[in-house]
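S.K.: One structure is given below, represented as structure tokens, and several questions about it will come after.
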Amino acid sequence: AAGARAARGRPRSEAVERAIIEGVLTLLEEGVPLTALSIERIARTAGVGKATIYRRWPGKEELLVEVLAGIEEPGPELAGADVRDDLVALVEGIRQRGLAKRNSALLSNLVAQAKSFPKLWDLYHRTVVSERTAQMREVLRRGVASGEIRGDLDPDLIGDLFTGPMLTRTILHADDPLPEGLSETIVDAILAGLRPTDRG
């Protein structure tokens, strides 16, 4: 019976949904803050009616959740052979997201207004941050085991040392340059300060 009702119902149009999502991304690229991103404004930009959006998403936050999930790339593939190279790959992933205007606009908006959009913030942490944090912890574990990284510091703090400079440039100082080789420079500088010291 449920299948019959679904078959008789109005089918979801992928083209319409894509137009709505593109409308959200267009507004974000124009610098519209999330708080000003009304369903009416999205509908006008996408060339659809508000009812068309509400048939697909119960509200703005649910729509933004789908937009965020759709534009985020999975974490980088790590070779697992060299700690430095894997750290560079993780930091480079942040740089590449900073260079992607749409990702950068949405993330900057999200960070600035996290408390107003708890569902969206929670999704970002569960689908993006948690994966990258797990990757970073595993690389750091290998670095400590191999003697390349000191083992007396909190791993999460060490991870922040590597990712913090690039996150600052891509989110807090979005106009700062993100040149080729920046990831290598950051990783090499921090690794030099994290080498175990011989206290004997």
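In the structure tokens, each chain is lettered A, B, ... as it comes, each chain's residues begin at 1, and ligands are numbered from 1 in order of appearance.
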Hey, what does DSSP flag as helix (DSSP H, G or I) within chain A? Can you give it to me as an MDAnalysis selection string?

M.R.: chainID A and resid 2:8 14:29 34:36 39:46 50:54 60:71 83:99 101:112 114:116 118:145 155:172 182:194

S.K.: Return as a Markdown table the residues of segment 120-167 of chain A lying at most 9 Å from segment 50-67 of chain A, together with the closest atom-to-atom pair for each and the distance in Å to one decimal, counting only C-alpha atoms, with rows in chain order and ascending residue number.

M.R.:
| residue | atom | partner | partner_atom | distance |
| --- | --- | --- | --- | --- |
| A:Leu120 | CA | A:Val65 | CA | 5.4 |
| A:Trp121 | CA | A:Val65 | CA | 8.8 |
| A:Leu123 | CA | A:Val65 | CA | 7.0 |
| A:Tyr124 | CA | A:Val65 | CA | 8.3 |

S.K.: Could you tell me how far atom CA of Ser183 of chain A sits from atom CA of Glu92 of chain A, in Å to one decimal place?

M.R.: 5.4 Å

S.K.: Using only C-alpha atoms, determine which residues lie at most 10 Å from Gly193 of chain A, disregarding the query and same-chain residues fewer than 4 positions distant; provide the list as a PDB file with C-alpha atoms, in the first residue's frame.

M.R.:
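The resulting file, result-v9.pdb, is shown below:
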ATOM      1  CA  ILE A 149      56.804  13.388  17.229  1.00  0.00           C
ATOM      2  CA  ARG A 150      57.084  13.803  20.980  1.00  0.00           C
ATOM      3  CA  ASP A 188      57.684  21.280   8.364  1.00  0.00           C
ATOM      4  CA  ALA A 189      57.746  24.208  10.803  1.00  0.00           C
ATOM      5  CA  THR A 197      64.346  16.113  22.739  1.00  0.00           C
TER       6      THR A 197
END

S.K.: List as a CSV table (one decimal) with N, CA, C and O atoms, in the first residue's frame the protein and nucleic acid residues near Asp86 of chain A, meaning an atom at most 10 Å away when only C-alpha atoms are counted, but skip any in the same chain fewer than 2 places from it.

M.R.:
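This is the output file selection16.csv:
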chain,number,residue,atom,x,y,z
A,76,PRO,N,41.1,13.3,2.5
A,76,PRO,CA,42.1,12.8,1.5
A,76,PRO,C,42.5,11.4,1.8
A,76,PRO,O,42.5,10.9,2.9
A,77,GLU,N,42.9,10.7,0.7
A,77,GLU,CA,43.4,9.4,0.8
A,77,GLU,C,44.9,9.5,1.3
A,77,GLU,O,45.7,10.2,0.7
A,78,LEU,N,45.2,8.8,2.4
A,78,LEU,CA,46.5,8.9,3.0
A,78,LEU,C,47.3,7.6,2.6
A,78,LEU,O,46.8,6.5,2.7
A,79,ALA,N,48.6,7.9,2.2
A,79,ALA,CA,49.4,6.8,1.7
A,79,ALA,C,49.8,5.9,2.9
A,79,ALA,O,49.9,4.7,2.7
A,80,GLY,N,50.0,6.5,4.0
A,80,GLY,CA,50.3,5.7,5.2
A,80,GLY,C,51.7,5.2,5.3
A,80,GLY,O,52.1,4.5,6.2
A,81,ALA,N,52.6,5.7,4.4
A,81,ALA,CA,54.0,5.3,4.4
A,81,ALA,C,54.9,6.3,5.1
A,81,ALA,O,55.9,6.0,5.7
A,82,ASP,N,54.5,7.6,5.0
A,82,ASP,CA,55.3,8.7,5.5
A,82,ASP,C,54.5,9.6,6.3
A,82,ASP,O,53.5,10.2,5.8
A,83,VAL,N,54.8,9.8,7.6
A,83,VAL,CA,54.1,10.7,8.5
A,83,VAL,C,54.0,12.1,8.0
A,83,VAL,O,52.9,12.7,7.9
A,84,ARG,N,55.1,12.7,7.5
A,84,ARG,CA,55.1,14.0,7.0
A,84,ARG,C,54.2,14.2,5.8
A,84,ARG,O,53.4,15.1,5.7
A,88,VAL,N,50.9,16.6,5.5
A,88,VAL,CA,50.8,17.6,4.4
A,88,VAL,C,49.4,17.4,3.7
A,88,VAL,O,48.7,18.3,3.3
A,89,ALA,N,49.1,16.1,3.4
A,89,ALA,CA,47.8,15.8,2.7
A,89,ALA,C,46.6,16.3,3.5
A,89,ALA,O,45.7,16.9,2.9
A,90,LEU,N,46.6,16.2,4.8
A,90,LEU,CA,45.5,16.6,5.7
A,90,LEU,C,45.4,18.1,5.7
A,90,LEU,O,44.3,18.7,5.5
A,91,VAL,N,46.5,18.8,5.8
A,91,VAL,CA,46.5,20.3,5.8
A,91,VAL,C,46.2,20.8,4.4
A,91,VAL,O,45.5,21.8,4.3
A,92,GLU,N,46.7,20.1,3.4
A,92,GLU,CA,46.4,20.6,2.0
A,92,GLU,C,44.9,20.4,1.7
A,92,GLU,O,44.3,21.2,1.0
A,135,GLN,N,41.5,10.8,11.3
A,135,GLN,CA,42.7,10.6,10.4
A,135,GLN,C,43.9,11.2,11.0
A,135,GLN,O,45.0,10.6,11.0
A,136,MET,N,43.8,12.4,11.6
A,136,MET,CA,44.9,13.2,12.2
A,136,MET,C,45.4,12.4,13.4
A,136,MET,O,46.7,12.2,13.5
A,139,VAL,N,47.6,9.4,12.2
A,139,VAL,CA,48.9,9.8,11.7
A,139,VAL,C,49.8,10.2,12.8
A,139,VAL,O,51.0,9.9,12.9
A,140,LEU,N,49.3,11.0,13.8
A,140,LEU,CA,50.1,11.4,14.9
A,140,LEU,C,50.5,10.2,15.8
A,140,LEU,O,51.6,10.1,16.3
A,187,VAL,N,53.6,22.3,7.9
A,187,VAL,CA,53.9,21.0,8.5
A,187,VAL,C,55.3,20.9,8.9
A,187,VAL,O,55.7,20.5,10.0
